[in-house]
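Visitor: Okay, here's the structure, questions in a sec.
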Amino acid sequence: MTLAGSPFSIPDSRLRELALEVLAHARTLGASDCVCEASESTGLSVTTRKMQVETIENTRDKGLGITVYLGQRRGHSSTSDFSLAAIRQAVQAAYDIARYTAIDDAAGLPDDDEFERNPIDLDLFHPWLLDSDQAIALAQKAEAAAFAVSKQIVNSEGANVHTGCDQFVLANSRGFIGGYPQSRHSISVSPIARGRGGMQRDDWYSSTRVAADLAAPEELGRYAAQRALARLQARKLATRQCPVLLEAPVACGLLGNLVQATSGGALYRKATFLVDSLGKKIFPDHVTVREDPYIRRAMGSGSFDEEGVRGHARDVVASGVLQGYFLSCYSARKLGMKSTGNAGGAHNLTLRSSLTQPGDSFEKMLRKLGTGLLVTELIGMGVDYVNGDYSRGASGFWVENGVIAYPVEEITIAGNLRDIFSGIVAVGADTINRGSKNTGSVLIDKLTVGGA
C-alpha cells in the first residue's frame with residue numbers, strides 16, 4: 001500500500017520516529033554517540049528485447065542503518081524489520097560490536113559546526129506515475145525506432161525503462177536530523193548491426209530526475225542505431241603515438257579518475273599518484289573542475305553528504321592547480337584536515353576550459369584533432385592509481401584531416417594519468433551529463449595507441 005499521491009508506503013514522519021527511537025535506545029545502553037539512517041525505496045524496471053518483454057521488476061525496500069560509538073570504538077548493524085523488538089536488537093548488535101573493536105583515533109561524528117542544519121530544497125523529487133504496460137510501450141518504441149533505421153539493425157541487447165524513488169532520514173545524537181525524497185528515471189537502448197565482416201553494437205541512454213526531461217525513446221533508438229551502424233567494418237590500427245579525442249561520454253571518465261586519485265581513502269593510504277598534490281599544477285592553465293552540490297534537479301545534487309555535513313560549491317581545480325580533495329570526516333581526520341562534505345562521493349562535477357568557444361561543436365573538435373584517434377568506448381579497468389599508469393581497451397574512429405575516415409576496434413590507449421591530465425589541449429562545447437559528471441569532448445595531445 002502506498003500513501004495517497006506518493007510512491008512510498010511509510011510517511012516521512014514515521015522514518016523520523018524510527019531514527020529517534022534508535023538514538024534513544026542507544027543512549028540507554030550507554031553509547032557515547034549514535035547515527036541512524038532510516039530509508040525506503042521503490043522502483044520499476046522493464047526490459048524488452050526484439051520487442052518482446054524480457055523482464056519486469058518491481059522493487060520496494062526499507063532499512064535502518066545503525067552506527068554506535070563507544071568513545072572512539074565503532075560498531076554498525078542494520079535491519080529491514082521496523083518492529084520495536086527488531087530495532088532494539090539491531091542497536092544492541094551495533095553496541096556489542098563497538099565494545100570489541102579497537103580504538104580508532106579518527107572515528108567519531110562530525111564537529112557540530114560542520115552539520116547542515118538549514119538544508120536547501122533542491123527540487124530532487126519528481127515521481128513518474130508509470131505502470132508496467134506504459135514502461136513496456138516506451139521500451140518498445142525505443143527498439144522499434146532502432147530497427148526502423150536500417151535493415152542492417154538485426155538484433156538488440158534490449159531496451160530498458162527504469163523509474164525509482166527513495167526517501168531517507170539521517171539523525172544522530174548531536175541533534176542533527178534531516179532527509180528528503182529523490183527520484184531517478186532512465187531510458188536506454190542497445191541495438192546490434194550486421195554488415196560485411198561481422199556485427200557491432202552500441203547504445204545510448206537518457207537519465208534525469210524529471211521524467212518530462214528524458215529524451216524521447218524514438219530519438220534514443222534512432223541515435224543508438226546510427227552509432228552501431230557507424231561501427232561496421234571496423235579495422236585495427238598499427239601501434240603508434242597520436243593525438244586522441246575522447247567523445248564527451250568517455251571524457252566524463254576523466255572526472256572519475258580525478259575523484260578516485262584525490263579521495264581521502266586513497267590519500268591517507270598513500271595509494272594514489274596525487275599524494276601531497278594540493279596547491280600543485282596537475283592540469284594545464286586553461287582547465288577548471290567545478291563541484292556544485294546545489295544545482296536544482298541535478299543527478300549529483302544533495303543538501304548534505306552521508307554524514308550530514310554541508311557541501312561546498314568550489315573549484316576543485318582552478319587554472320590547472322588542485323585546490324581541494326574529496327574528504328569525509330574520517331579521511332579528513334586521518335589527513336589532519338576538515339571534511340569537504342564528500343562522504344559518499346563527489347557531487348556535480350564540470351570540466352571546463354577557458355579556451356572553449358560557443359561554436360566548439362563535436363565537428364569543430366574533430367577538426368582540432370586533425371589526424372588521430374576518436375575514442376567512443378573504453379573497455380576494462382586498467383588504471384593503477386598508485387603510479388597513475390593507464391591502459392584500457394578502446395574502440396572508435398580514425399580521423400584524417402578533421403574527418404572521420406573509418407571505424408577502429410581491438411586497440412588499447414595507454415599513458416599515465418599525470419600526462420593525460422596535463423596533456424588536455426581543448427574541451428568541446430558539446431557538453432553532456434553522465435550522472436554527476438559534465439564535460440564536452442576532450443582533446444589530449446598524445447597517447448600511445450596499441451594495435452596489431
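Scheme for the C-alpha cells: letters A, B, ... for chains in order shown; per-chain residue numbers from 1; ligand numbers from 1 in order shown.
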Name the residues in contact with Thr288 in chain A at a cut-off of 8 Å, using only C-alpha atoms, excluding same-chain residues fewer than 4 positions from it; report them as number ranges by chain.
Guide: A: 315-320, 351-354
Visitor: Go ahead and dump the residues you just picked, all heavy atoms, as a CSV table (one decimal), in the first residue's frame.
Guide:
```
chain,number,residue,atom,x,y,z
A,315,ASP,N,35.8,25.3,-6.8
A,315,ASP,CA,36.7,24.9,-7.8
A,315,ASP,C,37.7,23.9,-7.3
A,315,ASP,O,38.6,24.3,-6.5
A,315,ASP,CB,37.4,26.1,-8.5
A,315,ASP,CG,36.5,27.0,-9.3
A,315,ASP,OD1,35.5,26.5,-9.7
A,315,ASP,OD2,36.9,28.1,-9.5
A,316,VAL,N,37.5,22.6,-7.6
A,316,VAL,CA,38.4,21.6,-7.1
A,316,VAL,C,39.8,21.8,-7.8
A,316,VAL,O,40.8,21.6,-7.3
A,316,VAL,CB,37.9,20.2,-7.4
A,316,VAL,CG1,38.8,19.1,-7.0
A,316,VAL,CG2,36.5,20.0,-6.7
A,317,VAL,N,39.7,22.2,-9.1
A,317,VAL,CA,40.9,22.6,-9.9
A,317,VAL,C,40.6,24.0,-10.4
A,317,VAL,O,39.5,24.2,-11.0
A,317,VAL,CB,41.1,21.6,-11.0
A,317,VAL,CG1,42.3,22.1,-11.9
A,317,VAL,CG2,41.4,20.2,-10.5
A,318,ALA,N,41.5,24.9,-10.2
A,318,ALA,CA,41.4,26.3,-10.8
A,318,ALA,C,42.7,26.6,-11.5
A,318,ALA,O,43.8,26.5,-10.9
A,318,ALA,CB,41.1,27.3,-9.6
A,319,SER,N,42.5,27.0,-12.8
A,319,SER,CA,43.7,27.3,-13.6
A,319,SER,C,44.8,26.2,-13.5
A,319,SER,O,46.0,26.5,-13.5
A,319,SER,CB,44.3,28.7,-13.2
A,319,SER,OG,43.4,29.7,-13.3
A,320,GLY,N,44.3,25.0,-13.6
A,320,GLY,CA,45.1,23.8,-13.6
A,320,GLY,C,45.7,23.4,-12.3
A,320,GLY,O,46.3,22.3,-12.2
A,351,LEU,N,33.9,19.8,-16.0
A,351,LEU,CA,35.3,20.0,-16.6
A,351,LEU,C,35.1,21.1,-17.6
A,351,LEU,O,34.3,21.0,-18.6
A,351,LEU,CB,35.8,18.8,-17.2
A,351,LEU,CG,37.2,18.9,-17.9
A,351,LEU,CD1,38.3,19.2,-16.9
A,351,LEU,CD2,37.5,17.6,-18.7
A,352,ARG,N,35.8,22.2,-17.4
A,352,ARG,CA,35.7,23.4,-18.3
A,352,ARG,C,37.1,23.8,-18.8
A,352,ARG,O,38.1,23.6,-18.1
A,352,ARG,CB,35.1,24.6,-17.6
A,352,ARG,CG,33.6,24.4,-17.2
A,352,ARG,CD,33.0,25.7,-16.8
A,352,ARG,NE,31.6,25.6,-16.4
A,352,ARG,CZ,31.2,25.6,-15.2
A,352,ARG,NH1,32.1,25.7,-14.2
A,352,ARG,NH2,29.9,25.5,-14.9
A,353,SER,N,37.1,24.5,-19.9
A,353,SER,CA,38.4,25.1,-20.4
A,353,SER,C,38.1,26.6,-20.7
A,353,SER,O,37.1,26.9,-21.4
A,353,SER,CB,38.9,24.4,-21.6
A,353,SER,OG,39.9,25.1,-22.3
A,354,SER,N,39.0,27.4,-20.3
A,354,SER,CA,38.8,28.9,-20.7
A,354,SER,C,39.0,29.1,-22.2
A,354,SER,O,38.7,30.2,-22.7
A,354,SER,CB,39.8,29.7,-19.9
A,354,SER,OG,41.2,29.3,-20.2
```
Visitor: Give me the range 170-267 of chain A side of the contact with range 381-404 of chain A, cut-off 12 Å, one line per residue showing its nearest atom pair and distance in Å at one decimal, counting only C-alpha atoms, sorted by chain and residue number, as a tab-separated table.
Guide:
```
residue	atom	partner	partner_atom	distance
A:Gln200	CA	A:Ser395	CA	11.0
A:Arg201	CA	A:Ser395	CA	11.5
A:Asp202	CA	A:Ser395	CA	11.0
A:Arg227	CA	A:Gly396	CA	10.3
A:Ala228	CA	A:Gly396	CA	11.0
A:Ala230	CA	A:Phe397	CA	9.2
A:Arg231	CA	A:Gly396	CA	7.6
A:Leu232	CA	A:Phe397	CA	10.9
A:Gln233	CA	A:Phe397	CA	11.1
A:Ala234	CA	A:Phe397	CA	8.3
A:Arg235	CA	A:Phe397	CA	9.1
A:Lys236	CA	A:Ser395	CA	9.3
A:Leu237	CA	A:Trp398	CA	8.7
A:Ala238	CA	A:Trp398	CA	11.5
A:Cys242	CA	A:Trp398	CA	10.6
A:Pro243	CA	A:Val399	CA	10.2
A:Val244	CA	A:Trp398	CA	9.6
A:Leu245	CA	A:Val399	CA	9.6
A:Leu246	CA	A:Gly396	CA	9.3
A:Glu247	CA	A:Gly396	CA	9.1
A:Val250	CA	A:Ala394	CA	10.2
A:Gly253	CA	A:Met381	CA	11.0
A:Leu254	CA	A:Tyr390	CA	11.1
A:Gly256	CA	A:Val383	CA	11.4
A:Asn257	CA	A:Tyr385	CA	8.4
A:Leu258	CA	A:Tyr385	CA	9.8
A:Val259	CA	A:Tyr385	CA	10.9
A:Gln260	CA	A:Tyr385	CA	7.8
A:Ala261	CA	A:Tyr385	CA	6.3
A:Thr262	CA	A:Tyr385	CA	9.9
A:Ser263	CA	A:Tyr385	CA	11.1
A:Ala266	CA	A:Tyr385	CA	8.5
A:Leu267	CA	A:Val386	CA	10.0
```
Visitor: Quick one: residues within 9 Å of Lys281 in chain A, only C-alpha atoms, excluding same-chain residues fewer than 3 positions away - as a list in words?
Guide: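 Those residues are Ser277, Leu278, Pro284, Asp285, Val317, Ser319, Gly320, Val321, Leu322 and Ser422 of chain A.
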Visitor: Select, from A:Leu70, A:Leu447, A:Val425, A:Ala94, the residue with the minimum atom-to-atom distance to Ile413 in chain A, counting only C-alpha atoms.
Guide: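 The shortest atom-to-atom distance to Ile413 in chain A comes from A:Leu447.
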Visitor: Rounded to one decimal in Å, what is the spacing between CA of Ala429 in chain A and CA of Gly359 in chain A?
Guide: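 These atoms are spaced 6.9 Å apart.
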Visitor: Determine which residues of range 109-301 of chain A DSSP labels as alpha helix (DSSP H) from the backbone of this structure, then write them out as a PyMOL selection string.
Guide: chain A and resi 132-149+217-230+248-261+264-268
Visitor: Give me, as a PyMOL selection string, all polymer residues having an atom no more than 8 Å from Gly423 in chain A, counting only C-alpha atoms and skipping those fewer than 6 positions away in the same chain.
Guide: chain A and resi 283-284+444-446
Visitor: The selected residues should be written to file as a PDB file, in the first residue's frame (atoms: C-alpha atoms).
Guide:
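again_24.pdb written:
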```pdb
ATOM      1  CA  PHE A 283      46.154  20.264 -15.444  1.00  0.00           C
ATOM      2  CA  PRO A 284      47.025  22.995 -17.976  1.00  0.00           C
ATOM      3  CA  ILE A 444      44.598  15.071 -25.480  1.00  0.00           C
ATOM      4  CA  ASP A 445      47.859  15.951 -27.190  1.00  0.00           C
ATOM      5  CA  LYS A 446      49.343  12.466 -27.332  1.00  0.00           C
TER       6      LYS A 446
END
```
Visitor: Give me the residues near Lys338 in chain A as an MDAnalysis selection string, where near means some atom within 10 Å (using only C-alpha atoms) and where sequence neighbours in that chain fewer than 5 positions away do not count.
Guide: chainID A and resid 110:111 114 327:333
Visitor: Could you list, as a ChimeraX atom specification, every residue within 10 Å of Tyr95 in chain A, counting only C-alpha atoms and ignoring same-chain residues fewer than 2 positions away?
Guide: /A:26,29-31,34,66-70,73-77,89-93,97-100
Visitor: Write the selection just made, keeping N, CA and C atoms, as a CSV table (one decimal), in the first residue's frame?
Guide:
```
chain,number,residue,atom,x,y,z
A,26,ALA,N,20.0,3.6,22.0
A,26,ALA,CA,21.5,3.6,22.1
A,26,ALA,C,22.0,4.3,23.4
A,29,LEU,N,21.7,2.3,26.4
A,29,LEU,CA,22.7,1.2,26.6
A,29,LEU,C,24.1,1.8,27.0
A,30,GLY,N,24.2,3.1,26.9
A,30,GLY,CA,25.4,3.8,27.3
A,30,GLY,C,26.3,4.2,26.2
A,31,ALA,N,25.8,4.3,24.9
A,31,ALA,CA,26.5,4.7,23.8
A,31,ALA,C,26.9,6.2,24.0
A,34,CYS,N,25.6,8.1,18.5
A,34,CYS,CA,24.9,7.1,17.6
A,34,CYS,C,24.4,7.9,16.4
A,66,ILE,N,22.5,1.5,11.4
A,66,ILE,CA,22.7,2.0,12.8
A,66,ILE,C,24.2,1.9,13.1
A,67,THR,N,24.8,3.0,13.5
A,67,THR,CA,26.2,3.1,13.9
A,67,THR,C,26.3,3.6,15.4
A,68,VAL,N,26.9,2.8,16.2
A,68,VAL,CA,27.0,3.1,17.6
A,68,VAL,C,28.5,3.4,18.0
A,69,TYR,N,28.8,4.4,18.7
A,69,TYR,CA,30.1,4.8,19.2
A,69,TYR,C,30.2,4.6,20.7
A,70,LEU,N,31.3,4.0,21.1
A,70,LEU,CA,31.7,4.0,22.5
A,70,LEU,C,33.0,4.7,22.5
A,73,ARG,N,35.5,3.8,19.7
A,73,ARG,CA,35.2,2.5,19.2
A,73,ARG,C,33.8,2.5,18.4
A,74,ARG,N,33.7,1.8,17.3
A,74,ARG,CA,32.6,1.9,16.4
A,74,ARG,C,32.0,0.6,16.1
A,75,GLY,N,30.7,0.5,16.1
A,75,GLY,CA,30.0,-0.7,15.7
A,75,GLY,C,28.8,-0.4,14.8
A,76,HIS,N,28.6,-1.3,13.8
A,76,HIS,CA,27.5,-1.0,12.8
A,76,HIS,C,26.6,-2.2,12.7
A,77,SER,N,25.3,-2.0,12.5
A,77,SER,CA,24.4,-3.1,12.2
A,77,SER,C,23.3,-2.5,11.3
A,89,GLN,N,17.1,-4.9,19.0
A,89,GLN,CA,18.1,-6.0,18.8
A,89,GLN,C,19.2,-5.5,17.9
A,90,ALA,N,18.9,-4.7,16.9
A,90,ALA,CA,19.9,-4.2,15.9
A,90,ALA,C,20.8,-3.2,16.7
A,91,VAL,N,20.2,-2.3,17.5
A,91,VAL,CA,21.0,-1.4,18.3
A,91,VAL,C,22.0,-2.1,19.2
A,92,GLN,N,21.5,-3.1,19.8
A,92,GLN,CA,22.3,-3.9,20.7
A,92,GLN,C,23.4,-4.6,20.0
A,93,ALA,N,23.2,-5.1,18.8
A,93,ALA,CA,24.2,-5.7,18.0
A,93,ALA,C,25.3,-4.7,17.6
A,97,ILE,N,29.2,-4.9,18.9
A,97,ILE,CA,30.4,-4.8,18.0
A,97,ILE,C,31.3,-3.7,18.5
A,98,ALA,N,30.8,-2.6,18.8
A,98,ALA,CA,31.6,-1.5,19.3
A,98,ALA,C,32.5,-1.8,20.5
A,99,ARG,N,31.9,-2.6,21.4
A,99,ARG,CA,32.6,-3.0,22.6
A,99,ARG,C,33.9,-3.7,22.3
A,100,TYR,N,33.9,-4.5,21.2
A,100,TYR,CA,35.1,-5.3,21.0
A,100,TYR,C,36.0,-4.9,19.8
```
Visitor: Got a sec to tell me which of range 277-433 of chain A DSSP assigns to strand (DSSP E), as a ChimeraX atom specification?
Guide: /A:287-292,314-318,321-322,348-353,372-379,383-384,389-400,403-416,424-427,432-433
Visitor: Given the choices A:Val46, A:Met365, A:Ile177, A:Ala107, which gets closest to Ser13 in chain A if the distance is worked out from only C-alpha atoms?
Guide: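 Once distances to Ser13 in chain A are computed over only C-alpha atoms, the minimum belongs to A:Ile177.
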Visitor: Find, counting only C-alpha atoms, the residue in A:Val287, A:Gly440, A:Ala298, A:Arg27 that gets nearest to Phe421 in chain A.
Guide: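 Nearest to Phe421 in chain A: A:Val287.
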Visitor: Excluding Gly63 in chain A and residues on its chain fewer than 4 positions from it, collect all residues at most 6 Å away from it, counting only C-alpha atoms, and give them as a list in words.
Guide: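 In the requested format, the answer is Ala38, Ser39, Thr79 and Ser80 of chain A.
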Visitor: So, counting only C-alpha atoms, which residue among A:Ile120, A:Gly178, A:Gly43, A:Leu417 is closest to Thr272 in chain A?
Guide: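 Once distances to Thr272 in chain A are computed over only C-alpha atoms, the minimum belongs to A:Leu417.
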Visitor: Would you mind reading off the distance between CA of Val309 in chain A and CA of Ile103 in chain A, one decimal, in Å?
Guide: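 Separation of CA of Val309 in chain A and CA of Ile103 in chain A: 23.4 Å.
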Visitor: With only C-alpha atoms as the atoms that count, which of A:Glu219, A:Cys36, A:Leu109, A:Ala248 lies nearest to Leu374 in chain A?
Guide: A:Ala248
